[in-house]
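Chemist: Just so it is clear, I am handing over data_7.txt, which has compact mmCIF, C-alpha atoms.
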# COMPACT_ATOMS: atom_id res chain seq x y z
CA MET A 33 12.36 -0.87 -9.76
CA ARG A 34 12.71 -3.74 -11.39
CA ILE A 35 9.95 -4.89 -13.46
CA THR A 36 9.03 -8.33 -12.68
CA ARG A 37 6.62 -7.93 -9.93
CA THR A 38 5.00 -8.90 -7.64
CA VAL A 39 7.12 -7.22 -5.01
CA GLY A 40 6.62 -3.53 -5.38
CA SER A 41 9.21 -2.87 -7.82
CA ARG A 42 9.79 -1.83 -10.55
CA ARG A 43 10.23 -4.29 -9.67
CA GLY A 44 7.67 -4.19 -9.14
CA ARG A 45 11.43 -2.37 -10.31
CA GLY A 46 10.16 -3.74 -8.75
CA GLY A 47 10.56 -4.05 -9.23
CA ALA A 48 11.67 -3.77 -15.23
CA ALA A 49 10.97 -1.26 -19.57
CA ALA A 50 10.89 -0.04 -23.07
CA VAL A 51 11.00 3.66 -23.20
CA THR A 52 11.62 6.25 -25.78
CA THR A 53 12.86 8.92 -23.44
CA ALA A 54 13.19 12.19 -24.88
CA VAL A 55 16.04 14.13 -24.90
CA LEU A 56 16.90 10.69 -25.51
CA ALA A 57 15.39 8.59 -28.09
CA ALA A 58 16.30 5.18 -26.88
CA SER A 59 13.73 2.47 -26.93
CA ALA A 60 14.82 -0.25 -24.59
CA LEU A 61 12.68 -3.28 -23.93
CA LEU A 62 12.13 -3.83 -20.26
CA LEU A 63 11.53 -7.49 -20.18
CA THR A 64 13.30 -8.55 -23.33
CA GLY A 65 16.50 -7.41 -21.69
CA CYS A 66 15.99 -10.00 -19.01
CA SER A 67 17.72 -12.86 -20.78
CA SER A 68 21.18 -11.30 -20.70
CA ASP A 69 24.45 -13.03 -20.10
CA THR A 70 24.78 -16.11 -17.99
CA ASN A 71 27.10 -16.30 -15.02
CA ASP A 72 30.44 -17.63 -16.12
CA ALA A 73 32.50 -16.36 -13.25
CA GLY A 74 35.70 -18.14 -12.56
CA SER A 75 36.91 -17.49 -16.10
CA ASP A 76 39.61 -15.12 -14.86
CA SER A 77 42.85 -15.80 -16.64
CA ALA A 78 46.36 -15.74 -15.26
CA ASN A 79 47.22 -12.52 -17.06
CA GLY A 80 45.47 -10.17 -14.65
CA GLN A 81 42.08 -10.19 -16.38
CA ILE A 82 39.09 -10.12 -14.03
CA THR A 83 35.48 -11.11 -14.68
CA LEU A 84 32.92 -9.52 -12.36
CA THR A 85 29.42 -10.97 -12.22
CA VAL A 86 26.35 -8.85 -11.46
CA ALA A 87 23.26 -10.82 -10.42
CA ASP A 88 19.97 -8.96 -10.69
CA TYR A 89 16.36 -9.37 -11.79
CA GLY A 90 13.98 -7.83 -14.27
CA GLN A 91 15.85 -4.96 -15.84
CA PHE A 92 18.29 -2.61 -14.20
CA GLY A 93 19.11 -0.83 -17.46
CA TYR A 94 22.87 -1.31 -17.44
CA LYS A 95 22.94 -3.27 -20.66
CA GLU A 96 20.56 -0.86 -22.37
CA ALA A 97 22.72 2.11 -21.30
CA ASP A 98 25.84 0.25 -22.45
CA LEU A 99 27.42 0.77 -19.05
CA PHE A 100 29.25 -2.53 -18.78
CA ALA A 101 31.00 -1.91 -22.10
CA LYS A 102 31.90 1.61 -20.98
CA TYR A 103 33.32 0.28 -17.73
CA HIS A 104 35.48 -2.18 -19.65
CA LYS A 105 36.90 0.71 -21.68
CA LEU A 106 37.79 2.51 -18.46
CA HIS A 107 39.18 -0.69 -16.93
CA PRO A 108 40.46 -2.90 -19.78
CA ASN A 109 41.36 -5.70 -17.37
CA ILE A 110 37.76 -5.99 -16.10
CA THR A 111 34.87 -7.63 -17.93
CA VAL A 112 31.39 -7.43 -16.39
CA LYS A 113 28.87 -10.21 -16.94
CA GLU A 114 25.21 -9.86 -15.98
CA ASP A 115 23.18 -12.81 -14.69
CA VAL A 116 19.52 -11.79 -14.90
CA THR A 117 16.54 -13.59 -13.38
CA ALA A 118 13.28 -12.49 -14.97
CA ASP A 119 11.16 -12.90 -11.82
CA GLU A 120 12.27 -11.31 -8.55
CA THR A 121 10.19 -13.79 -6.55
CA VAL A 122 12.42 -16.53 -7.98
CA TYR A 123 15.61 -14.50 -7.62
CA TYR A 124 15.31 -13.65 -3.92
CA PRO A 125 14.88 -17.16 -2.45
CA LYS A 126 17.90 -18.24 -4.50
CA LEU A 127 19.89 -15.32 -3.10
CA LEU A 128 18.97 -16.34 0.45
CA GLN A 129 20.06 -19.91 -0.24
CA GLU A 130 23.40 -18.67 -1.54
CA LEU A 131 23.87 -16.41 1.47
CA ASN A 132 23.07 -19.25 3.85
CA SER A 133 25.45 -21.65 2.12
CA GLY A 134 28.12 -19.05 1.46
CA SER A 135 28.57 -20.23 -2.13
CA GLY A 136 27.29 -19.39 -5.59
CA LEU A 137 27.08 -15.65 -4.96
CA ALA A 138 27.84 -13.13 -7.67
CA ASP A 139 30.36 -10.34 -7.09
CA VAL A 140 27.49 -7.82 -7.07
CA THR A 141 23.89 -8.62 -6.14
CA GLY A 142 20.70 -6.63 -6.62
CA ILE A 143 18.21 -6.36 -3.74
CA GLU A 144 14.60 -5.19 -4.10
CA VAL A 145 13.29 -2.53 -1.72
CA GLY A 146 10.64 -4.94 -0.45
CA ARG A 147 13.44 -7.24 0.76
CA ILE A 148 16.03 -4.74 1.98
CA LYS A 149 14.81 -4.55 5.58
CA GLU A 150 15.05 -8.32 6.00
CA VAL A 151 18.55 -8.28 4.52
CA VAL A 152 19.63 -5.38 6.75
CA ASP A 153 18.27 -7.11 9.86
CA THR A 154 19.41 -10.66 9.21
CA LYS A 155 22.13 -10.75 6.53
CA ALA A 156 24.14 -7.54 6.95
CA ASP A 157 27.24 -9.44 8.06
CA SER A 158 27.35 -11.12 4.65
CA PHE A 159 27.86 -7.82 2.81
CA VAL A 160 30.56 -5.20 2.49
CA ASP A 161 29.94 -1.93 4.34
CA LEU A 162 29.60 0.49 1.44
CA SER A 163 29.74 3.54 3.71
CA LYS A 164 33.50 3.21 3.36
CA SER A 165 33.36 3.81 -0.38
CA ILE A 166 30.22 5.84 -1.17
CA ASP A 167 28.67 8.94 0.37
CA PRO A 168 25.23 7.94 1.65
CA LYS A 169 24.25 11.63 1.76
CA ALA A 170 24.37 11.72 -2.04
CA TRP A 171 21.16 9.69 -2.18
CA VAL A 172 17.72 10.90 -1.18
CA SER A 173 17.85 10.52 2.59
CA TRP A 174 15.11 7.94 2.99
CA LYS A 175 16.68 5.76 0.30
CA SER A 176 20.07 5.45 1.99
CA ALA A 177 18.37 4.95 5.36
CA GLN A 178 16.56 1.89 4.01
CA ALA A 179 19.87 0.07 3.48
CA THR A 180 21.62 1.23 6.66
CA THR A 181 21.88 -0.86 9.83
CA SER A 182 21.43 0.57 13.32
CA GLY A 183 25.22 0.51 13.61
CA GLY A 184 25.69 2.60 10.48
CA GLN A 185 26.68 -0.13 8.01
CA VAL A 186 25.41 0.55 4.48
CA VAL A 187 24.40 -2.77 2.97
CA GLY A 188 23.43 -1.50 -0.47
CA ALA A 189 23.87 1.49 -2.78
CA GLY A 190 20.59 2.81 -4.15
CA THR A 191 19.83 2.38 -7.84
CA ASP A 192 16.40 3.76 -8.77
CA ILE A 193 13.32 4.98 -6.95
CA GLY A 194 9.68 5.01 -8.05
CA PRO A 195 8.14 8.49 -7.59
CA MET A 196 4.46 8.31 -8.41
CA SER A 197 2.41 9.77 -11.26
CA LEU A 198 -0.69 8.80 -13.24
CA CYS A 199 -0.49 7.58 -16.83
CA TYR A 200 -3.66 8.09 -18.84
CA ARG A 201 -4.99 7.80 -22.38
CA ARG A 202 -5.75 11.25 -23.75
CA ASP A 203 -7.89 9.91 -26.58
CA LEU A 204 -10.07 7.80 -24.28
CA PHE A 205 -10.50 10.70 -21.87
CA GLN A 206 -11.62 12.91 -24.75
CA LYS A 207 -14.17 10.34 -25.94
CA ALA A 208 -15.52 10.10 -22.38
CA GLY A 209 -15.90 13.87 -22.16
CA LEU A 210 -13.05 14.37 -19.68
CA PRO A 211 -10.23 16.93 -19.79
CA THR A 212 -7.10 15.77 -21.56
CA ASP A 213 -4.54 18.40 -20.50
CA ARG A 214 -2.20 16.96 -17.84
CA ASP A 215 -2.52 20.00 -15.57
CA GLN A 216 -6.30 19.90 -15.76
CA VAL A 217 -6.30 16.18 -14.98
CA ALA A 218 -4.03 16.78 -11.99
CA LYS A 219 -6.39 19.50 -10.77
CA LEU A 220 -9.34 17.09 -10.86
CA LEU A 221 -7.33 14.68 -8.70
CA ALA A 222 -6.00 17.23 -6.23
CA GLY A 223 -8.18 15.89 -3.41
CA GLY A 224 -6.53 12.47 -3.45
CA TRP A 225 -7.36 8.91 -4.46
CA GLU A 226 -11.01 9.38 -3.60
CA ASP A 227 -11.10 11.93 -6.43
CA TYR A 228 -9.49 9.32 -8.67
CA LEU A 229 -12.48 7.02 -8.13
CA LYS A 230 -14.89 9.90 -8.71
CA LEU A 231 -13.16 10.56 -12.01
CA GLY A 232 -13.51 6.87 -12.77
CA GLU A 233 -17.24 7.03 -12.28
CA LYS A 234 -17.44 9.98 -14.66
CA TYR A 235 -15.39 8.07 -17.18
CA LYS A 236 -17.60 5.00 -16.90
CA LYS A 237 -20.74 6.97 -17.81
CA LYS A 238 -19.42 7.76 -21.30
CA ALA A 239 -16.63 5.23 -21.62
CA PRO A 240 -15.86 3.93 -25.10
CA ALA A 241 -17.21 0.40 -25.42
CA GLY A 242 -14.99 -2.31 -24.04
CA THR A 243 -12.72 0.03 -22.06
CA TYR A 244 -12.07 0.32 -18.33
CA PHE A 245 -10.99 3.26 -16.21
CA MET A 246 -8.08 1.44 -14.54
CA ASP A 247 -6.16 -1.74 -15.07
CA SER A 248 -5.90 -2.95 -11.50
CA ALA A 249 -7.30 -1.98 -8.13
CA SER A 250 -4.29 -3.59 -6.47
CA ALA A 251 -2.03 -1.10 -8.26
CA MET A 252 -4.07 1.77 -6.85
CA TYR A 253 -3.88 0.12 -3.44
CA ASN A 254 -0.08 0.01 -3.61
CA ALA A 255 0.04 3.66 -4.61
CA VAL A 256 -2.12 4.68 -1.65
CA VAL A 257 -0.02 2.75 0.84
CA SER A 258 3.21 4.02 -0.71
CA SER A 259 2.28 7.63 0.09
CA SER A 260 2.35 7.00 3.84
CA SER A 261 5.29 6.83 6.23
CA GLN A 262 3.56 4.05 8.17
CA GLN A 263 2.65 1.13 5.96
CA TYR A 264 2.94 -2.43 7.27
CA TYR A 265 5.19 -1.96 10.32
CA ASP A 266 5.60 0.66 13.02
CA LYS A 267 8.90 2.27 14.03
CA ASP A 268 9.41 -0.39 16.73
CA GLY A 269 9.34 -3.17 14.15
CA LYS A 270 5.86 -4.44 15.00
CA ALA A 271 3.60 -5.57 12.15
CA VAL A 272 0.62 -3.20 12.17
CA TYR A 273 -0.85 -3.86 8.74
CA LYS A 274 -4.23 -4.77 10.25
CA THR A 275 -4.63 -1.32 11.80
CA SER A 276 -2.48 0.82 9.50
CA PRO A 277 -4.53 3.81 8.25
CA SER A 278 -2.88 3.67 4.82
CA VAL A 279 -3.64 -0.03 4.42
CA LYS A 280 -7.25 0.53 5.49
CA GLN A 281 -7.65 3.42 3.06
CA GLY A 282 -6.05 1.55 0.19
CA TRP A 283 -8.08 -1.60 0.84
CA ASN A 284 -11.40 0.26 1.07
CA LEU A 285 -10.72 2.19 -2.13
CA ALA A 286 -9.72 -1.00 -3.93
CA ALA A 287 -12.90 -2.73 -2.76
CA GLU A 288 -14.95 0.24 -3.97
CA ALA A 289 -13.23 0.22 -7.36
CA ALA A 290 -13.90 -3.49 -7.73
CA SER A 291 -17.56 -3.23 -6.72
CA LYS A 292 -18.20 -0.32 -9.10
CA LYS A 293 -16.52 -2.16 -12.00
CA LEU A 294 -14.04 0.65 -12.57
CA THR A 295 -11.20 -1.80 -13.08
CA GLN A 296 -10.47 -4.46 -15.67
CA GLY A 297 -9.13 -6.62 -12.84
CA LEU A 298 -5.82 -7.50 -14.42
CA ALA A 299 -2.75 -8.56 -12.46
CA GLN A 300 -0.05 -6.24 -13.68
CA PHE A 301 2.75 -7.47 -15.95
CA ASN A 302 1.01 -10.74 -16.80
CA ASP A 303 0.12 -11.58 -20.40
CA PRO A 304 -3.58 -10.55 -20.12
CA TRP A 305 -2.46 -7.14 -18.80
CA LYS A 306 -0.07 -6.68 -21.70
CA ALA A 307 -2.75 -7.80 -24.14
CA ALA A 308 -5.22 -5.25 -22.74
CA LEU A 309 -2.70 -2.45 -23.20
CA ARG A 310 -2.01 -3.63 -26.72
CA LYS A 311 -5.76 -3.62 -27.48
CA GLY A 312 -6.17 -0.20 -25.89
CA THR A 313 -8.82 -1.08 -23.31
CA ILE A 314 -7.20 0.63 -20.30
CA ALA A 315 -7.67 4.37 -19.67
CA THR A 316 -5.39 4.88 -16.65
CA VAL A 317 -2.49 3.14 -14.95
CA VAL A 318 -0.92 4.15 -11.65
CA CYS A 319 2.58 5.13 -12.73
CA PRO A 320 5.70 4.96 -10.62
CA ALA A 321 8.59 6.19 -12.77
CA TRP A 322 9.51 2.75 -14.07
CA MET A 323 5.97 1.98 -15.26
CA ALA A 324 6.08 4.20 -18.35
CA GLY A 325 8.44 1.79 -20.05
CA GLN A 326 6.18 -1.14 -19.28
CA ILE A 327 3.21 0.67 -20.81
CA SER A 328 5.00 1.79 -23.96
CA ASP A 329 6.45 -1.67 -24.47
CA ALA A 330 3.11 -3.46 -24.05
CA SER A 331 0.96 -0.88 -25.86
CA GLY A 332 3.16 -0.71 -28.92
CA PRO A 333 3.75 2.05 -31.49
CA SER A 334 0.10 2.48 -32.47
CA PHE A 335 -0.63 4.26 -29.18
CA SER A 336 2.39 6.54 -29.19
CA GLY A 337 1.35 10.09 -28.32
CA LYS A 338 -2.07 8.96 -27.08
CA TRP A 339 -0.77 8.40 -23.57
CA ASP A 340 0.13 11.22 -21.19
CA ILE A 341 1.40 11.59 -17.61
CA ALA A 342 -0.07 13.75 -14.84
CA LYS A 343 0.88 14.25 -11.23
CA ALA A 344 -0.39 11.58 -8.88
CA PRO A 345 -3.67 12.19 -7.04
CA GLY A 346 -3.49 14.22 -3.84
CA THR A 347 -0.73 16.24 -2.26
CA ALA A 348 1.20 13.43 -0.55
CA ALA A 349 4.14 12.22 -2.62
CA ALA A 350 4.63 8.48 -2.94
CA ASN A 351 7.34 6.01 -3.86
CA TRP A 352 6.69 2.55 -5.26
CA GLY A 353 9.68 0.40 -5.96
CA GLY A 354 13.43 0.77 -6.17
CA SER A 355 16.45 -1.44 -5.71
CA PHE A 356 19.99 -1.61 -4.34
CA LEU A 357 23.35 -3.03 -5.37
CA SER A 358 25.32 -4.92 -2.72
CA VAL A 359 28.71 -6.61 -2.55
CA PRO A 360 28.93 -9.99 -0.80
CA LYS A 361 31.99 -10.31 1.42
CA SER A 362 32.63 -13.81 0.06
CA GLY A 363 33.28 -12.56 -3.47
CA LYS A 364 36.59 -13.24 -5.24
CA HIS A 365 37.03 -9.57 -6.21
CA VAL A 366 35.51 -7.51 -3.40
CA LYS A 367 37.49 -4.31 -4.05
CA GLU A 368 36.82 -4.35 -7.78
CA ALA A 369 33.13 -5.16 -7.18
CA THR A 370 32.84 -2.29 -4.71
CA ASP A 371 34.42 0.10 -7.22
CA LEU A 372 31.94 -1.08 -9.86
CA VAL A 373 28.96 -0.47 -7.54
CA LYS A 374 30.24 3.01 -6.74
CA TRP A 375 30.53 3.79 -10.46
CA LEU A 376 27.18 2.29 -11.47
CA THR A 377 25.30 4.30 -8.84
CA ALA A 378 27.11 7.61 -9.47
CA PRO A 379 25.05 10.50 -10.92
CA ALA A 380 26.26 10.20 -14.54
CA GLN A 381 25.52 6.48 -14.75
CA GLN A 382 22.11 6.78 -13.06
CA ALA A 383 21.25 9.55 -15.53
CA ALA A 384 22.34 7.29 -18.40
CA VAL A 385 20.04 4.50 -17.18
CA PHE A 386 17.17 6.99 -16.87
CA LYS A 387 17.84 8.07 -20.44
CA ALA A 388 17.87 4.49 -21.64
CA ILE A 389 14.85 2.99 -19.87
CA GLY A 390 13.18 5.73 -17.82
CA VAL A 391 13.81 4.48 -14.26
CA PHE A 392 14.39 7.44 -11.97
CA PRO A 393 17.72 7.99 -10.13
CA SER A 394 18.05 7.82 -6.36
CA ASN A 395 21.34 9.73 -6.41
CA GLN A 396 20.39 13.39 -6.08
CA GLY A 397 23.41 14.49 -8.06
CA ALA A 398 21.75 13.14 -11.19
CA TYR A 399 18.79 15.52 -10.95
CA ALA A 400 20.72 18.53 -12.25
CA LEU A 401 22.12 16.67 -15.25
CA PRO A 402 20.54 17.44 -18.65
CA ASP A 403 19.50 13.85 -19.31
CA VAL A 404 17.29 14.05 -16.22
CA GLN A 405 16.38 17.70 -15.92
CA ASN A 406 15.23 18.10 -19.51
CA ALA A 407 13.83 14.62 -20.02
CA LYS A 408 10.55 14.19 -21.85
CA LEU A 409 8.71 11.15 -23.14
CA PRO A 410 7.55 11.44 -26.75
CA TYR A 411 5.42 8.30 -26.32
CA PHE A 412 3.53 10.09 -23.54
CA ASN A 413 2.82 13.32 -25.43
CA ASN A 414 6.24 14.71 -24.45
CA ALA A 415 5.42 14.59 -20.74
CA PRO A 416 8.21 16.38 -18.81
CA ILE A 417 9.08 13.37 -16.70
CA GLY A 418 12.36 14.81 -15.38
CA LYS A 419 10.45 17.70 -13.83
CA ILE A 420 7.47 15.63 -12.67
CA TYR A 421 9.52 12.93 -10.95
CA ALA A 422 12.15 15.23 -9.45
CA GLU A 423 9.44 17.31 -7.77
CA GLU A 424 7.78 14.17 -6.46
CA ALA A 425 11.06 12.67 -5.23
CA SER A 426 11.90 15.73 -3.15
CA SER A 427 8.84 15.32 -0.91
CA ILE A 428 8.42 11.55 -0.56
CA PRO A 429 8.04 10.64 3.14
CA ALA A 430 10.52 8.30 4.76
CA ALA A 431 8.61 5.04 5.04
CA VAL A 432 9.06 2.56 7.87
CA LEU A 433 10.07 -0.73 6.30
CA GLY A 434 9.61 -4.20 7.74
CA PRO A 435 11.23 -7.56 7.04
CA LYS A 436 8.12 -9.01 5.36
CA ASP A 437 6.86 -5.96 3.49
CA GLY A 438 7.03 -7.82 0.19
CA VAL A 439 5.05 -10.80 1.45
CA ILE A 440 2.36 -8.62 3.01
CA LYS A 441 2.02 -6.45 -0.08
CA ASP A 442 1.86 -9.42 -2.43
CA THR A 443 -0.69 -11.29 -0.33
CA ILE A 444 -3.03 -8.33 -0.04
CA SER A 445 -2.65 -7.57 -3.75
CA ASN A 446 -3.58 -11.15 -4.62
CA GLN A 447 -6.77 -10.90 -2.59
CA ILE A 448 -7.66 -7.61 -4.25
CA ASN A 449 -7.26 -9.42 -7.56
CA ASN A 450 -9.71 -12.03 -6.25
CA MET A 451 -12.25 -9.30 -5.48
CA GLU A 452 -11.90 -8.02 -9.03
CA GLN A 453 -11.71 -11.30 -10.92
CA ARG A 454 -13.77 -13.71 -8.84
CA GLY A 455 -16.16 -11.41 -7.08
CA THR A 456 -14.83 -12.36 -3.63
CA LYS A 457 -16.51 -10.26 -0.95
CA PRO A 458 -14.17 -7.76 0.78
CA ALA A 459 -14.61 -9.35 4.22
CA ALA A 460 -13.76 -12.81 2.92
CA ALA A 461 -10.82 -11.50 0.92
CA TRP A 462 -9.41 -9.63 3.92
CA SER A 463 -9.81 -12.68 6.14
CA ALA A 464 -7.94 -14.85 3.62
CA ALA A 465 -5.17 -12.27 3.35
CA THR A 466 -4.64 -11.93 7.09
CA LYS A 467 -4.60 -15.69 7.63
CA THR A 468 -1.92 -16.15 5.01
CA ILE A 469 0.17 -13.23 6.26
CA ASP A 470 -0.01 -14.28 9.90
CA LYS A 471 1.27 -17.75 9.01
CA VAL A 472 4.30 -16.21 7.34
CA ILE A 473 5.23 -13.50 9.82
CA GLY A 474 4.23 -15.39 12.97
Let me see whether you can do it: turn the structure in this file into structure tokens.

Modeler:
Amino acid sequence: MRITRTVGSRRGRGGAAAVTTAVLAASALLLTGCSSDTNDAGSDSANGQITLTVADYGQFGYKEADLFAKYHKLHPNITVKEDVTADETVYYPKLLQELNSGSGLADVTGIEVGRIKEVVDTKADSFVDLSKSIDPKAWVSWKSAQATTSGGQVVGAGTDIGPMSLCYRRDLFQKAGLPTDRDQVAKLLAGGWEDYLKLGEKYKKKAPAGTYFMDSASAMYNAVVSSSSQQYYDKDGKAVYKTSPSVKQGWNLAAEAASKKLTQGLAQFNDPWKAALRKGTIATVVCPAWMAGQISDASGPSFSGKWDIAKAPGTAAANWGGSFLSVPKSGKHVKEATDLVKWLTAPAQQAAVFKAIGVFPSNQGAYALPDVQNAKLPYFNNAPIGKIYAEEASSIPAAVLGPKDGVIKDTISNQINNMEQRGTKPAAAWSAATKTIDKVIG
């Protein structure tokens, strides 16, 4: 994840979060951590001191978990500096420029899941093969596969993943005459995302004035697509988004949500979205693991305990978001950078990041650690997020990724926003989306 979106991370991870995780009572601000240290590489002195730079976007949680300081204690000759770009859509083009020119690269670079296929297919030669230093089998299998070339080179070590859930306002559900217990809510949604819309219609009948069932139909769309192994490309690398069953289902449900006014029509992570959460007008938000921090940060302390987390609709597990750490071959300190990546993505460090900001580990070894296994979120009525997300992560299907997944997802999401905000008819919105996508992917 990084939270910066628009690419599906946490970002979208991806995509960034402020979370008071339980077992853990840290409250780390997802986007306020995005300023961080600037890149002052090249400051290595002649006395054996090394400065490693880590370039990433949104919030990876390393500063909040104090990991760079801990690494310096373990390696007194190494200082780690983080160069953070708030918006992943700004970060990635810059990374490509640096890769093409062979200059300006950090010692360690973050890569969003929506970009990893393109990097694996076209830029793998620019990165160190991490299979020589990490055990890819330690990660959930589909995660390591995403960063592995056909020849077995591992381009990136997995950081987080985004197993899906549903965040909802208990108090608003109660006022609308709906169940508030998380297990009861999950039972109502057992049939899938169609049941989610049915619940939305029930909510709308008795909704407190000025509130909406969901924040964004595009978020629901991304969740639907993320639960399928075939999304925008087939296994042969052909773009099939126009005929993909998951895309069709997600689009039709989003169009229905927009037409029935079940959504407030807010592009996630923008200021109006944050303002709506702060005012308390949103009853549900589709919740990959990293989203809880975004909600708690934007909603503020007055809504603590009023939110809760239930299992995602349906029986198909889904992943939305996640990132990787890679080591450019052109770096000044390749061995030291590789050792840092191995340490940052080890179980203990991934558990520490989960404790600090709530993004869920991709390294399976972290799942048995107390900071993950026993984790609860006080802000979300002590929801047992360690249990919820670990169960979801174990059954997420291996998705086929394509080189332009991020572009396709963003373009379709933008047109869904147009249906919500401007009243664009579904046929016109779909036509606009496909024209834009076809120009990009050829």

Chemist: Return the single residue from A:Leu229, A:Leu84, A:Ala330, A:Val432 that is closest to Ala286 (chain A), with distances computed using all atoms listed in the file.

Modeler: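 Closest residue, counting all atoms listed in the file: A:Leu229.
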
Chemist: What does the distance from CA of Thr295 (chain A) to CA of Gly232 (chain A) come to in Å, to one decimal?

Modeler: 9.0 Å

Chemist: Point out the residue among A:Tyr89, A:Asp329, A:Ala464, A:Ser394 with the least atom-to-atom distance to Met451 (chain A), counting all atoms listed in the file.

Modeler: A:Ala464

Chemist: Interatomic distance between CA of Lys419 (chain A) and CA of Ser355 (chain A)?

Modeler: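 Atom-to-atom, CA of Lys419 (chain A) and CA of Ser355 (chain A) are spaced 21.6 Å apart.
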
Chemist: Put the listed atoms of region 187-197 of chain A in a box along x, y and z with 4 Å added on every side and give me the centre and edge lengths in Å to one decimal, as AutoDock Vina command-line options.

Modeler:
--center_x 13.4 --center_y 3.5 --center_z -4.1 --size_x 30.0 --size_y 20.5 --size_z 22.2

Chemist: Determine, counting all atoms listed in the file, every residue of protein, DNA or RNA that lies within 12 Å of (11.6, 1.9, 14.2) in the file coordinates, then give the result as JSON, numbers by chain.

Modeler: {"A": [149, 177, 178, 181, 182, 261, 262, 264, 265, 266, 267, 268, 269, 270, 271, 430, 431, 432, 433, 434, 435]}

Chemist: Could you jot down the CA of Leu401 (chain A) to CA of Gln382 (chain A) separation for me, Å, one decimal place?

Modeler: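 Distance between the two atoms: 10.1 Å.
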
Chemist: Could you check which of A:Ala249, A:Val272, A:Ala308, A:Ile314 is closest to Gln447 (chain A), using all atoms listed in the file?

Modeler: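 Ranking A:Ala249, A:Val272, A:Ala308, A:Ile314 by distance to Gln447 (chain A), first place goes to A:Ala249.
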
Chemist: Return the single residue from A:Ala425, A:Ala378, A:Ile143, A:Leu210 that is closest to Val172 (chain A), with distances computed using only C-alpha atoms.

Modeler: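 The shortest atom-to-atom distance to Val172 (chain A) comes from A:Ala425.
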
Chemist: Closest to Gly142 (chain A) among A:Ala315, A:Val116, A:Ile327, A:Ile444, using only C-alpha atoms?

Modeler: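 Closest candidate: A:Val116.
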
Chemist: Check the smallest atom-to-atom distance from each of A:Asn446, A:Thr275, A:Ser463, A:Thr141 to Leu298 (chain A) using only C-alpha atoms, then report the winner.

Modeler: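 When distances to Leu298 (chain A) are compared using only C-alpha atoms, the smallest one comes from A:Asn446.
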
Chemist: Regenerate region 267-278 of chain A at the level of N, CA and C atoms and dump it as a PDB file, keeping the file's coordinate frame.

Modeler:
ATOM      1  N   LYS A 267       7.480   1.951  13.860  1.00  0.00           N
ATOM      2  CA  LYS A 267       8.900   2.270  14.030  1.00  0.00           C
ATOM      3  C   LYS A 267       9.603   1.319  14.997  1.00  0.00           C
ATOM      4  N   ASP A 268       8.829   0.583  15.800  1.00  0.00           N
ATOM      5  CA  ASP A 268       9.410  -0.390  16.730  1.00  0.00           C
ATOM      6  C   ASP A 268       9.548  -1.777  16.115  1.00  0.00           C
ATOM      7  N   GLY A 269       9.198  -1.891  14.838  1.00  0.00           N
ATOM      8  CA  GLY A 269       9.340  -3.170  14.150  1.00  0.00           C
ATOM      9  C   GLY A 269       8.160  -4.102  14.303  1.00  0.00           C
ATOM     10  N   LYS A 270       7.047  -3.616  14.827  1.00  0.00           N
ATOM     11  CA  LYS A 270       5.860  -4.440  15.000  1.00  0.00           C
ATOM     12  C   LYS A 270       4.988  -4.374  13.744  1.00  0.00           C
ATOM     13  N   ALA A 271       4.503  -5.529  13.301  1.00  0.00           N
ATOM     14  CA  ALA A 271       3.600  -5.570  12.150  1.00  0.00           C
ATOM     15  C   ALA A 271       2.257  -4.965  12.531  1.00  0.00           C
ATOM     16  N   VAL A 272       1.866  -3.901  11.840  1.00  0.00           N
ATOM     17  CA  VAL A 272       0.620  -3.200  12.170  1.00  0.00           C
ATOM     18  C   VAL A 272      -0.288  -3.087  10.942  1.00  0.00           C
ATOM     19  N   TYR A 273      -0.100  -3.983   9.990  1.00  0.00           N
ATOM     20  CA  TYR A 273      -0.850  -3.860   8.740  1.00  0.00           C
ATOM     21  C   TYR A 273      -2.360  -3.947   8.950  1.00  0.00           C
ATOM     22  N   LYS A 274      -2.797  -4.621  10.014  1.00  0.00           N
ATOM     23  CA  LYS A 274      -4.230  -4.770  10.250  1.00  0.00           C
ATOM     24  C   LYS A 274      -4.874  -3.462  10.700  1.00  0.00           C
ATOM     25  N   THR A 275      -4.087  -2.584  11.294  1.00  0.00           N
ATOM     26  CA  THR A 275      -4.630  -1.320  11.800  1.00  0.00           C
ATOM     27  C   THR A 275      -4.050  -0.097  11.099  1.00  0.00           C
ATOM     28  N   SER A 276      -3.128  -0.293  10.189  1.00  0.00           N
ATOM     29  CA  SER A 276      -2.480   0.820   9.500  1.00  0.00           C
ATOM     30  C   SER A 276      -3.499   1.649   8.723  1.00  0.00           C
ATOM     31  N   PRO A 277      -3.567   2.968   8.972  1.00  0.00           N
ATOM     32  CA  PRO A 277      -4.530   3.810   8.250  1.00  0.00           C
ATOM     33  C   PRO A 277      -4.342   3.753   6.732  1.00  0.00           C
ATOM     34  N   SER A 278      -3.100   3.691   6.265  1.00  0.00           N
ATOM     35  CA  SER A 278      -2.880   3.670   4.820  1.00  0.00           C
ATOM     36  C   SER A 278      -3.352   2.355   4.201  1.00  0.00           C
TER      37      SER A 278
END
